[in-house]
Structures are given as structure tokens and as C-alpha cells.
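Reproduced below: protein-v2.txt, with compact mmCIF, N, CA and C atoms.
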# COMPACT_ATOMS: atom_id res chain seq x y z
N MET A 1 77.70 101.22 102.35
CA MET A 1 78.12 99.84 102.18
C MET A 1 79.20 99.58 103.22
N ARG A 2 79.12 98.44 103.84
CA ARG A 2 80.04 98.12 104.94
C ARG A 2 80.61 96.74 104.69
N ALA A 3 81.92 96.62 104.94
CA ALA A 3 82.58 95.33 104.76
C ALA A 3 83.45 95.00 105.96
N VAL A 4 83.41 93.76 106.36
CA VAL A 4 84.33 93.22 107.35
C VAL A 4 85.23 92.26 106.59
N ILE A 5 86.51 92.58 106.56
CA ILE A 5 87.48 91.80 105.79
C ILE A 5 88.36 91.03 106.77
N GLN A 6 88.44 89.73 106.58
CA GLN A 6 89.29 88.92 107.43
C GLN A 6 90.32 88.20 106.58
N ARG A 7 91.57 88.31 107.00
CA ARG A 7 92.63 87.54 106.34
C ARG A 7 92.50 86.12 106.85
N VAL A 8 92.39 85.18 105.91
CA VAL A 8 92.12 83.80 106.32
C VAL A 8 93.13 82.82 105.73
N LYS A 9 93.31 81.73 106.44
CA LYS A 9 94.08 80.59 105.91
C LYS A 9 93.17 79.73 105.06
N GLN A 10 91.89 79.70 105.44
CA GLN A 10 90.86 79.03 104.65
C GLN A 10 89.50 79.48 105.15
N SER A 11 88.49 79.34 104.29
CA SER A 11 87.13 79.72 104.65
C SER A 11 86.16 78.97 103.75
N SER A 12 84.96 78.72 104.29
CA SER A 12 83.95 78.02 103.49
C SER A 12 82.55 78.44 103.92
N VAL A 13 81.61 78.21 103.00
CA VAL A 13 80.19 78.45 103.26
C VAL A 13 79.45 77.14 103.01
N THR A 14 78.66 76.75 104.00
CA THR A 14 77.85 75.54 103.90
C THR A 14 76.38 75.92 104.02
N ILE A 15 75.57 75.38 103.12
CA ILE A 15 74.12 75.60 103.16
C ILE A 15 73.45 74.23 103.12
N ASP A 16 72.58 73.97 104.10
CA ASP A 16 71.87 72.70 104.19
C ASP A 16 72.82 71.51 104.14
N GLY A 17 73.94 71.62 104.83
CA GLY A 17 74.89 70.52 104.92
C GLY A 17 75.82 70.36 103.73
N GLU A 18 75.70 71.23 102.72
CA GLU A 18 76.54 71.13 101.52
C GLU A 18 77.46 72.34 101.42
N ILE A 19 78.75 72.09 101.25
CA ILE A 19 79.69 73.19 101.04
C ILE A 19 79.43 73.77 99.66
N VAL A 20 79.04 75.05 99.61
CA VAL A 20 78.74 75.69 98.34
C VAL A 20 79.90 76.52 97.81
N SER A 21 80.84 76.86 98.69
CA SER A 21 82.00 77.62 98.26
C SER A 21 83.08 77.50 99.32
N SER A 22 84.33 77.47 98.86
CA SER A 22 85.44 77.46 99.81
C SER A 22 86.66 78.08 99.14
N ILE A 23 87.51 78.65 99.98
CA ILE A 23 88.77 79.22 99.51
C ILE A 23 89.89 78.79 100.43
N ASN A 24 91.08 78.93 99.93
CA ASN A 24 92.26 78.76 100.76
C ASN A 24 92.75 80.15 101.14
N HIS A 25 94.02 80.33 101.30
CA HIS A 25 94.63 81.59 101.72
C HIS A 25 94.04 82.79 100.99
N GLY A 26 93.57 83.79 101.72
CA GLY A 26 93.02 84.98 101.09
C GLY A 26 92.19 85.81 102.04
N MET A 27 91.09 86.33 101.52
CA MET A 27 90.19 87.21 102.28
C MET A 27 88.78 86.65 102.32
N MET A 28 88.17 86.73 103.49
CA MET A 28 86.76 86.44 103.63
C MET A 28 86.10 87.79 103.91
N ILE A 29 85.14 88.17 103.08
CA ILE A 29 84.50 89.48 103.18
C ILE A 29 83.03 89.31 103.52
N LEU A 30 82.61 89.89 104.63
CA LEU A 30 81.20 90.00 104.97
C LEU A 30 80.76 91.35 104.45
N LEU A 31 79.70 91.38 103.62
CA LEU A 31 79.29 92.61 102.95
C LEU A 31 77.87 92.97 103.31
N GLY A 32 77.69 94.19 103.82
CA GLY A 32 76.37 94.72 104.12
C GLY A 32 76.06 95.91 103.22
N VAL A 33 74.80 96.01 102.81
CA VAL A 33 74.37 97.08 101.93
C VAL A 33 73.29 97.90 102.64
N ALA A 34 73.44 99.23 102.57
CA ALA A 34 72.46 100.15 103.15
C ALA A 34 71.50 100.64 102.06
N PRO A 35 70.32 101.13 102.44
CA PRO A 35 69.34 101.56 101.45
C PRO A 35 69.81 102.67 100.52
N ASP A 36 70.70 103.53 100.99
CA ASP A 36 71.16 104.65 100.17
C ASP A 36 72.48 104.37 99.46
N ASP A 37 72.94 103.14 99.47
CA ASP A 37 74.20 102.81 98.79
C ASP A 37 74.01 102.83 97.27
N THR A 38 75.08 103.23 96.58
CA THR A 38 75.08 103.33 95.13
C THR A 38 76.34 102.67 94.58
N THR A 39 76.51 102.73 93.28
CA THR A 39 77.74 102.20 92.68
C THR A 39 78.96 102.99 93.13
N ASP A 40 78.79 104.23 93.55
CA ASP A 40 79.93 104.98 94.10
C ASP A 40 80.46 104.30 95.37
N ASP A 41 79.55 103.86 96.23
CA ASP A 41 79.94 103.15 97.45
C ASP A 41 80.64 101.85 97.09
N LEU A 42 80.05 101.14 96.13
CA LEU A 42 80.60 99.87 95.68
C LEU A 42 82.01 100.07 95.12
N ASN A 43 82.19 101.06 94.25
CA ASN A 43 83.50 101.31 93.64
C ASN A 43 84.54 101.69 94.68
N TYR A 44 84.13 102.45 95.69
CA TYR A 44 85.04 102.82 96.77
C TYR A 44 85.54 101.56 97.49
N LEU A 45 84.60 100.69 97.87
CA LEU A 45 84.99 99.48 98.59
C LEU A 45 85.85 98.56 97.73
N VAL A 46 85.47 98.37 96.50
CA VAL A 46 86.24 97.50 95.60
C VAL A 46 87.67 98.03 95.47
N GLY A 47 87.80 99.34 95.26
CA GLY A 47 89.13 99.93 95.12
C GLY A 47 89.98 99.75 96.36
N LYS A 48 89.39 99.97 97.53
CA LYS A 48 90.12 99.83 98.79
C LYS A 48 90.48 98.37 99.07
N ILE A 49 89.49 97.51 98.97
CA ILE A 49 89.70 96.11 99.36
C ILE A 49 90.66 95.40 98.42
N SER A 50 90.53 95.64 97.12
CA SER A 50 91.39 94.93 96.16
C SER A 50 92.86 95.30 96.32
N LYS A 51 93.14 96.45 96.88
CA LYS A 51 94.53 96.90 97.07
C LYS A 51 94.97 96.89 98.53
N LEU A 52 94.11 96.38 99.41
CA LEU A 52 94.39 96.39 100.84
C LEU A 52 95.61 95.53 101.16
N ARG A 53 96.61 96.15 101.73
CA ARG A 53 97.88 95.45 102.00
C ARG A 53 97.86 94.87 103.42
N ILE A 54 97.28 93.67 103.52
CA ILE A 54 97.15 93.01 104.83
C ILE A 54 97.87 91.66 104.87
N PHE A 55 98.66 91.39 103.85
CA PHE A 55 99.41 90.13 103.81
C PHE A 55 100.89 90.41 104.00
N ASP A 56 101.56 89.51 104.70
CA ASP A 56 102.95 89.71 105.07
C ASP A 56 103.90 89.59 103.88
N ASP A 57 104.89 90.49 103.87
CA ASP A 57 105.99 90.37 102.91
C ASP A 57 107.06 89.47 103.51
N GLU A 58 108.21 89.40 102.87
CA GLU A 58 109.29 88.51 103.33
C GLU A 58 109.85 88.91 104.69
N LYS A 59 109.58 90.15 105.12
CA LYS A 59 110.05 90.63 106.43
C LYS A 59 108.99 90.50 107.51
N GLY A 60 107.82 89.95 107.15
CA GLY A 60 106.74 89.79 108.12
C GLY A 60 105.93 91.06 108.32
N VAL A 61 106.06 92.01 107.40
CA VAL A 61 105.32 93.27 107.48
C VAL A 61 104.10 93.18 106.56
N MET A 62 102.94 93.61 107.05
CA MET A 62 101.73 93.60 106.20
C MET A 62 101.91 94.65 105.12
N ASN A 63 102.34 94.18 103.95
CA ASN A 63 102.70 95.10 102.87
C ASN A 63 102.23 94.61 101.50
N LEU A 64 101.52 93.47 101.45
CA LEU A 64 101.13 92.88 100.18
C LEU A 64 99.61 92.76 100.09
N ASP A 65 99.08 92.89 98.86
CA ASP A 65 97.64 92.73 98.66
C ASP A 65 97.32 91.28 98.31
N VAL A 66 96.05 90.98 98.21
CA VAL A 66 95.58 89.61 98.01
C VAL A 66 96.07 89.01 96.69
N ALA A 67 96.11 89.82 95.65
CA ALA A 67 96.56 89.31 94.35
C ALA A 67 98.04 88.97 94.37
N THR A 68 98.83 89.80 95.00
CA THR A 68 100.28 89.60 95.05
C THR A 68 100.64 88.29 95.72
N VAL A 69 99.85 87.88 96.71
CA VAL A 69 100.14 86.62 97.42
C VAL A 69 99.42 85.43 96.79
N GLY A 70 98.74 85.65 95.66
CA GLY A 70 98.03 84.55 95.00
C GLY A 70 96.83 84.07 95.80
N GLY A 71 96.19 84.99 96.52
CA GLY A 71 95.07 84.63 97.38
C GLY A 71 93.75 84.52 96.64
N GLU A 72 92.75 84.09 97.38
CA GLU A 72 91.38 83.96 96.89
C GLU A 72 90.48 84.81 97.77
N ILE A 73 89.26 85.05 97.31
CA ILE A 73 88.31 85.88 98.05
C ILE A 73 86.99 85.14 98.18
N LEU A 74 86.40 85.22 99.36
CA LEU A 74 85.06 84.68 99.60
C LEU A 74 84.19 85.83 100.08
N VAL A 75 83.07 86.08 99.39
CA VAL A 75 82.16 87.18 99.73
C VAL A 75 80.85 86.60 100.22
N VAL A 76 80.41 87.07 101.39
CA VAL A 76 79.17 86.61 102.00
C VAL A 76 78.32 87.82 102.35
N SER A 77 77.08 87.85 101.90
CA SER A 77 76.18 88.95 102.25
C SER A 77 75.80 88.85 103.72
N GLN A 78 75.74 90.02 104.38
CA GLN A 78 75.40 90.01 105.80
C GLN A 78 74.72 91.32 106.19
N PHE A 79 73.39 91.30 106.14
CA PHE A 79 72.61 92.50 106.48
C PHE A 79 72.78 92.90 107.93
N THR A 80 73.17 91.97 108.80
CA THR A 80 73.30 92.28 110.22
C THR A 80 74.44 93.25 110.51
N LEU A 81 75.28 93.56 109.52
CA LEU A 81 76.32 94.56 109.72
C LEU A 81 75.71 95.95 109.95
N PHE A 82 74.44 96.10 109.61
CA PHE A 82 73.76 97.39 109.82
C PHE A 82 72.78 97.33 111.00
N ALA A 83 73.01 96.41 111.91
CA ALA A 83 72.15 96.31 113.10
C ALA A 83 72.25 97.58 113.94
N GLN A 84 71.10 98.03 114.42
CA GLN A 84 71.05 99.13 115.36
C GLN A 84 70.78 98.53 116.73
N THR A 85 71.61 98.89 117.70
CA THR A 85 71.50 98.29 119.03
C THR A 85 71.33 99.34 120.14
N ALA A 86 71.09 100.58 119.78
CA ALA A 86 71.02 101.66 120.77
C ALA A 86 69.83 101.50 121.72
N LYS A 87 68.70 101.05 121.22
CA LYS A 87 67.50 100.94 122.05
C LYS A 87 67.17 99.48 122.30
N GLY A 88 67.01 99.14 123.54
CA GLY A 88 66.61 97.78 123.89
C GLY A 88 67.70 96.76 123.62
N ASN A 89 67.30 95.50 123.64
CA ASN A 89 68.26 94.41 123.47
C ASN A 89 68.06 93.61 122.19
N ARG A 90 67.02 93.95 121.44
CA ARG A 90 66.76 93.27 120.18
C ARG A 90 67.19 94.18 119.04
N PRO A 91 68.20 93.78 118.27
CA PRO A 91 68.69 94.64 117.19
C PRO A 91 67.61 94.94 116.16
N SER A 92 67.69 96.14 115.61
CA SER A 92 66.82 96.55 114.51
C SER A 92 67.66 96.56 113.24
N TYR A 93 67.05 96.16 112.13
CA TYR A 93 67.77 96.09 110.86
C TYR A 93 67.20 97.04 109.81
N ILE A 94 66.55 98.11 110.27
CA ILE A 94 65.95 99.05 109.32
C ILE A 94 66.99 99.81 108.50
N ARG A 95 68.23 99.80 108.92
CA ARG A 95 69.29 100.48 108.15
C ARG A 95 69.96 99.56 107.14
N ALA A 96 69.45 98.34 107.01
CA ALA A 96 69.95 97.42 105.98
C ALA A 96 69.03 97.53 104.76
N ALA A 97 69.63 97.44 103.58
CA ALA A 97 68.86 97.56 102.34
C ALA A 97 67.94 96.36 102.14
N ARG A 98 66.80 96.62 101.53
CA ARG A 98 65.88 95.55 101.13
C ARG A 98 66.53 94.79 99.97
N PRO A 99 66.13 93.55 99.75
CA PRO A 99 66.74 92.72 98.70
C PRO A 99 66.77 93.36 97.31
N GLU A 100 65.72 94.12 96.95
CA GLU A 100 65.70 94.70 95.61
C GLU A 100 66.83 95.72 95.39
N ILE A 101 67.35 96.29 96.46
CA ILE A 101 68.51 97.18 96.37
C ILE A 101 69.79 96.40 96.63
N ALA A 102 69.77 95.54 97.64
CA ALA A 102 70.98 94.86 98.07
C ALA A 102 71.49 93.82 97.08
N ILE A 103 70.61 93.02 96.49
CA ILE A 103 71.05 91.93 95.62
C ILE A 103 71.85 92.44 94.41
N PRO A 104 71.35 93.42 93.67
CA PRO A 104 72.15 93.88 92.52
C PRO A 104 73.52 94.43 92.92
N LEU A 105 73.58 95.17 94.04
CA LEU A 105 74.87 95.70 94.49
C LEU A 105 75.80 94.59 94.98
N TYR A 106 75.25 93.62 95.67
CA TYR A 106 76.03 92.46 96.11
C TYR A 106 76.61 91.71 94.91
N GLU A 107 75.78 91.45 93.92
CA GLU A 107 76.25 90.72 92.73
C GLU A 107 77.27 91.53 91.94
N GLN A 108 77.06 92.84 91.86
CA GLN A 108 78.02 93.70 91.15
C GLN A 108 79.34 93.76 91.93
N PHE A 109 79.26 93.80 93.26
CA PHE A 109 80.48 93.80 94.07
C PHE A 109 81.31 92.56 93.78
N ILE A 110 80.65 91.41 93.73
CA ILE A 110 81.36 90.15 93.47
C ILE A 110 82.08 90.22 92.13
N ALA A 111 81.39 90.67 91.11
CA ALA A 111 82.00 90.77 89.77
C ALA A 111 83.16 91.76 89.77
N GLU A 112 82.96 92.91 90.39
CA GLU A 112 83.99 93.96 90.35
C GLU A 112 85.20 93.64 91.21
N ILE A 113 85.02 92.99 92.36
CA ILE A 113 86.18 92.64 93.19
C ILE A 113 87.02 91.58 92.48
N GLY A 114 86.37 90.70 91.73
CA GLY A 114 87.11 89.72 90.93
C GLY A 114 87.93 90.38 89.85
N LYS A 115 87.32 91.34 89.14
CA LYS A 115 88.04 92.06 88.07
C LYS A 115 89.19 92.88 88.63
N ALA A 116 88.92 93.62 89.70
CA ALA A 116 89.93 94.52 90.26
C ALA A 116 91.11 93.78 90.87
N SER A 117 90.84 92.64 91.49
CA SER A 117 91.90 91.90 92.16
C SER A 117 92.56 90.86 91.27
N GLY A 118 91.80 90.36 90.29
CA GLY A 118 92.30 89.27 89.46
C GLY A 118 92.27 87.93 90.19
N CYS A 119 91.59 87.89 91.32
CA CYS A 119 91.53 86.67 92.14
C CYS A 119 90.25 85.89 91.88
N ARG A 120 90.31 84.59 92.18
CA ARG A 120 89.11 83.76 92.16
C ARG A 120 88.24 84.20 93.33
N VAL A 121 86.92 84.35 93.06
CA VAL A 121 85.99 84.81 94.08
C VAL A 121 84.91 83.76 94.29
N GLY A 122 84.77 83.30 95.52
CA GLY A 122 83.69 82.41 95.90
C GLY A 122 82.63 83.23 96.62
N THR A 123 81.42 82.67 96.73
CA THR A 123 80.33 83.42 97.37
C THR A 123 79.47 82.52 98.24
N GLY A 124 78.74 83.19 99.09
CA GLY A 124 77.65 82.53 99.78
C GLY A 124 76.42 82.66 98.90
N ARG A 125 75.24 82.51 99.48
CA ARG A 125 74.00 82.66 98.73
C ARG A 125 73.15 83.71 99.43
N PHE A 126 72.83 84.78 98.74
CA PHE A 126 72.09 85.89 99.32
C PHE A 126 70.80 85.40 99.96
N GLY A 127 70.58 85.78 101.22
CA GLY A 127 69.35 85.47 101.92
C GLY A 127 69.27 84.07 102.52
N ALA A 128 70.26 83.23 102.25
CA ALA A 128 70.22 81.87 102.78
C ALA A 128 70.76 81.82 104.21
N MET A 129 70.33 80.82 104.94
CA MET A 129 70.91 80.54 106.25
C MET A 129 72.21 79.78 105.98
N MET A 130 73.33 80.39 106.32
CA MET A 130 74.64 79.83 105.97
C MET A 130 75.45 79.53 107.22
N ASP A 131 76.24 78.49 107.14
CA ASP A 131 77.28 78.23 108.13
C ASP A 131 78.58 78.67 107.48
N VAL A 132 79.22 79.66 108.09
CA VAL A 132 80.46 80.19 107.55
C VAL A 132 81.59 79.79 108.49
N GLU A 133 82.56 79.10 107.93
CA GLU A 133 83.73 78.68 108.72
C GLU A 133 84.95 79.39 108.18
N LEU A 134 85.86 79.71 109.10
CA LEU A 134 87.10 80.31 108.67
C LEU A 134 88.18 80.09 109.71
N ILE A 135 89.38 80.12 109.22
CA ILE A 135 90.55 80.18 110.10
C ILE A 135 91.15 81.55 109.85
N ASN A 136 90.95 82.44 110.81
CA ASN A 136 91.43 83.81 110.69
C ASN A 136 92.93 83.80 110.87
N ASP A 137 93.65 84.34 109.92
CA ASP A 137 95.11 84.34 109.89
C ASP A 137 95.62 85.60 110.56
N GLY A 138 96.17 85.47 111.73
CA GLY A 138 96.74 86.62 112.44
C GLY A 138 96.36 86.67 113.90
N PRO A 139 95.17 87.03 114.25
CA PRO A 139 94.03 87.38 113.41
C PRO A 139 94.17 88.78 112.83
N VAL A 140 93.68 88.93 111.61
CA VAL A 140 93.61 90.23 110.95
C VAL A 140 92.16 90.43 110.52
N THR A 141 91.53 91.48 111.05
CA THR A 141 90.15 91.82 110.71
C THR A 141 90.08 93.33 110.53
N ILE A 142 89.58 93.75 109.37
CA ILE A 142 89.49 95.17 109.02
C ILE A 142 88.03 95.49 108.69
N ILE A 143 87.55 96.64 109.16
CA ILE A 143 86.20 97.09 108.84
C ILE A 143 86.31 98.35 107.98
N ILE A 144 85.61 98.34 106.84
CA ILE A 144 85.58 99.51 105.97
C ILE A 144 84.13 99.86 105.68
N ASP A 145 83.79 101.14 105.86
CA ASP A 145 82.46 101.64 105.60
C ASP A 145 82.58 102.75 104.56
N SER A 146 81.85 102.62 103.48
CA SER A 146 81.95 103.60 102.39
C SER A 146 81.46 105.00 102.78
N LYS A 147 80.71 105.08 103.86
CA LYS A 147 80.21 106.39 104.32
C LYS A 147 81.15 107.02 105.36
N GLN A 148 82.14 106.27 105.82
CA GLN A 148 83.08 106.77 106.82
C GLN A 148 84.50 106.68 106.28
N LYS A 149 84.77 107.41 105.24
CA LYS A 149 86.04 107.32 104.54
C LYS A 149 87.22 107.82 105.35
N ASP A 150 86.97 108.63 106.38
CA ASP A 150 88.06 109.16 107.20
C ASP A 150 88.34 108.30 108.42
N TYR A 151 87.64 107.20 108.56
CA TYR A 151 87.78 106.34 109.74
C TYR A 151 89.05 105.56 109.72
Could you quickly redo this structure as C-alpha cells?
Amino acid sequence: MRAVIQRVKQSSVTIDGEIVSSINHGMMILLGVAPDDTTDDLNYLVGKISKLRIFDDEKGVMNLDVATVGGEILVVSQFTLFAQTAKGNRPSYIRAARPEIAIPLYEQFIAEIGKASGCRVGTGRFGAMMDVELINDGPVTIIIDSKQKDY
């Protein structure tokens, strides 16, 4: 399971011209699921992300988590995080999970990140063509992969 976490001032998801979810100050998470991912991968990411100290304290040091700053979270599924680009110029997505594996883990991630953080969680729509807008605060962008825990 792979996540790209961005600290944002605001973020939104629009589908067919309609805003389906939006947040203010908080985290925008792009989430990719691999075929061999399990709830262990999910629990690892939830634990890391919910406690990730990427928000500034009173001294301007990134020392606070999303809940401490009263932030919100927006989660968007993104299978392209598992793109393979080694051969040729057209990415391959064979390392991304099929919907029957990805959807339950994506939905469970949303529920668990909400519980662990205590924050309001907005979402995109799995499999939809989405327009995702954000104002990256910093910019701060962190990548976490459940299979690369020492990274």
C-alpha cells in the first residue's frame, strides 16, 4: 500500500463538474493498493499517517499531527501510484490491485484513518475520473509505502 500525503491549506474533488468533497487545512492523501496488500499494510499506514507530525508548532517546527491542529483529511484512490515505467514510455499498472481487492482496503482505510485521527475525512469516488485541486502548504509532500518501512 502506498500513500502520497500532502499538507494542504485546502483541497477538493470534483466529478462531472460537481464538488463531491472538500476540506480546509489538513492532509490530502493519494492512496494506492497493491495486489498483495492486507490489513497489516493498511494498519501500518493508518498508524503512521494519523500520527505524522508535519504541521508547524508555535516555533514553526513541523512537530504537530493533523488532529492536534484541528485539520481534516481527504483520501483519493490512485492506482497510478503503482505505475511501472522501466520499459518503454507507456506506464504499466499490473502492480496495482484489481478493484475487488482495492475497494475494500480503500474503504477500510477511510474508516480507520478517521477513527485513528479523530478528524473529518472526505473522499473521492473509487474508479471515477476526478479533478483534484489543492493548495499544498509548504509545500510538504511525504511518500509512505507499507512494503518499504525502512525508507
Subject >> Shell of 5 Å around stretch 9-17 of chain A, all atoms listed in the file, local chain residues under 3 positions omitted, as a PyMOL selection string >> reply: chain A and resi 20-25+130-137
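Nearest residue to A:Arg95 among A:Leu45, A:Ala34, A:Arg7, A:Asp57 is A:Ala34, counting only C-alpha atoms.
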**OP:** Write down as number ranges by chain the residues belonging to stretch 14-55 of chain A that are assigned helix (DSSP H, G or I) by DSSP computed on the backbone.
**Re:** A: 39-50
Can you find the residues with an atom no farther than 6 Å from (83.7, 92.5, 104.2), counting only C-alpha atoms, and report them as a PDB file with N, CA and C atoms, in the frame of the given file?
ATOM      1  N   ALA A   3      81.920  96.620 104.940  1.00  0.00           N
ATOM      2  CA  ALA A   3      82.580  95.330 104.760  1.00  0.00           C
ATOM      3  C   ALA A   3      83.450  95.000 105.960  1.00  0.00           C
ATOM      4  N   VAL A   4      83.410  93.760 106.360  1.00  0.00           N
ATOM      5  CA  VAL A   4      84.330  93.220 107.350  1.00  0.00           C
ATOM      6  C   VAL A   4      85.230  92.260 106.590  1.00  0.00           C
ATOM      7  N   ILE A   5      86.510  92.580 106.560  1.00  0.00           N
ATOM      8  CA  ILE A   5      87.480  91.800 105.790  1.00  0.00           C
ATOM      9  C   ILE A   5      88.360  91.030 106.770  1.00  0.00           C
ATOM     10  N   ILE A  29      85.140  88.170 103.080  1.00  0.00           N
ATOM     11  CA  ILE A  29      84.500  89.480 103.180  1.00  0.00           C
ATOM     12  C   ILE A  29      83.030  89.310 103.520  1.00  0.00           C
ATOM     13  N   LEU A  30      82.610  89.890 104.630  1.00  0.00           N
ATOM     14  CA  LEU A  30      81.200  90.000 104.970  1.00  0.00           C
ATOM     15  C   LEU A  30      80.760  91.350 104.450  1.00  0.00           C
ATOM     16  N   LEU A  31      79.700  91.380 103.620  1.00  0.00           N
ATOM     17  CA  LEU A  31      79.290  92.610 102.950  1.00  0.00           C
ATOM     18  C   LEU A  31      77.870  92.970 103.310  1.00  0.00           C
TER      19      LEU A  31
END
Stretch 131-136 of chain A, all listed atoms, 4 Å padding on each side: what axis-aligned box centre and edge lengths in Å to one decimal come out, as AutoDock Vina command-line options?
--center_x 84.6 --center_y 81.0 --center_z 109.0 --size_x 24.7 --size_y 13.6 --size_z 11.7
Original post:
Please, which residues are within 6 Å of (89.0, 87.8, 101.1) by the file's coordinates, counting only C-alpha atoms, and could they come as a count of residues only?
Top reply: 6
**OP:** For atom CA of A:Val33 and atom CA of A:Lys115, determine how far apart the two atoms are, in Å to one decimal place.
**Re:** 20.1 Å
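If you count all atoms listed in the file and ignore residues fewer than 6 places along the chain from stretch 104-107 of chain A, what sits within 8 Å of it is A:Leu31, A:Gly32, A:Val33, A:Asp37, A:Thr38, A:Thr39, A:Leu42, A:Ser77, A:Ile113.
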Restricting it to N, CA and C atoms, dump the selection as a PDB file, keeping the file's coordinate frame.
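Saved the output as out-v1.pdb:
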ATOM      1  N   LEU A  31      79.700  91.380 103.620  1.00  0.00           N
ATOM      2  CA  LEU A  31      79.290  92.610 102.950  1.00  0.00           C
ATOM      3  C   LEU A  31      77.870  92.970 103.310  1.00  0.00           C
ATOM      4  N   GLY A  32      77.690  94.190 103.820  1.00  0.00           N
ATOM      5  CA  GLY A  32      76.370  94.720 104.120  1.00  0.00           C
ATOM      6  C   GLY A  32      76.060  95.910 103.220  1.00  0.00           C
ATOM      7  N   VAL A  33      74.800  96.010 102.810  1.00  0.00           N
ATOM      8  CA  VAL A  33      74.370  97.080 101.930  1.00  0.00           C
ATOM      9  C   VAL A  33      73.290  97.900 102.640  1.00  0.00           C
ATOM     10  N   ASP A  37      72.940 103.140  99.470  1.00  0.00           N
ATOM     11  CA  ASP A  37      74.200 102.810  98.790  1.00  0.00           C
ATOM     12  C   ASP A  37      74.010 102.830  97.270  1.00  0.00           C
ATOM     13  N   THR A  38      75.080 103.230  96.580  1.00  0.00           N
ATOM     14  CA  THR A  38      75.080 103.330  95.130  1.00  0.00           C
ATOM     15  C   THR A  38      76.340 102.670  94.580  1.00  0.00           C
ATOM     16  N   THR A  39      76.510 102.730  93.280  1.00  0.00           N
ATOM     17  CA  THR A  39      77.740 102.200  92.680  1.00  0.00           C
ATOM     18  C   THR A  39      78.960 102.990  93.130  1.00  0.00           C
ATOM     19  N   LEU A  42      80.050 101.140  96.130  1.00  0.00           N
ATOM     20  CA  LEU A  42      80.600  99.870  95.680  1.00  0.00           C
ATOM     21  C   LEU A  42      82.010 100.070  95.120  1.00  0.00           C
ATOM     22  N   SER A  77      77.080  87.850 101.900  1.00  0.00           N
ATOM     23  CA  SER A  77      76.180  88.950 102.250  1.00  0.00           C
ATOM     24  C   SER A  77      75.800  88.850 103.720  1.00  0.00           C
ATOM     25  N   ILE A 113      85.020  92.990  92.360  1.00  0.00           N
ATOM     26  CA  ILE A 113      86.180  92.640  93.190  1.00  0.00           C
ATOM     27  C   ILE A 113      87.020  91.580  92.480  1.00  0.00           C
TER      28      ILE A 113
END
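We find atom CA of A:Glu100 and atom CA of A:Phe126 to be spaced 11.5 Å apart.
Each of A:Gln148, A:Pro35, A:Gly124, A:Arg53 was compared to A:Ala96 using all atoms listed in the file, and A:Pro35 turns out to be the nearest.
When only C-alpha atoms are used to measure the gap to A:Cys119, the shortest distance among A:Gly47, A:Pro99, A:Gly70, A:Pro91 belongs to A:Gly70.
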Original post:
Got a sec to tell me which of stretch 1-93 of chain A DSSP assigns to strand (DSSP E), as an MDAnalysis selection string?
Top reply: chainID A and resid 2:15 18:23 26:32 55:56 62:64 72:77
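Atom pair atom C of A:Gly138 / atom C of A:Ala67: separated by 19.7 Å.
Closest approach to A:Val66 among A:Arg98, A:Gly118, A:Tyr93, A:Asp41 is made by A:Gly118 (distances from only N, CA and C atoms).
With all atoms listed in the file as the atoms that count, the minimum distance from A:Phe79 to the choices A:Ile142, A:Met129, A:Ala97, A:Leu64 is reached by A:Ala97.
Each of A:Pro139, A:Gly114, A:Gly127, A:Gly122 was checked against A:Ser50 using only N, CA and C atoms; the smallest atom-to-atom distance is that of A:Gly114.
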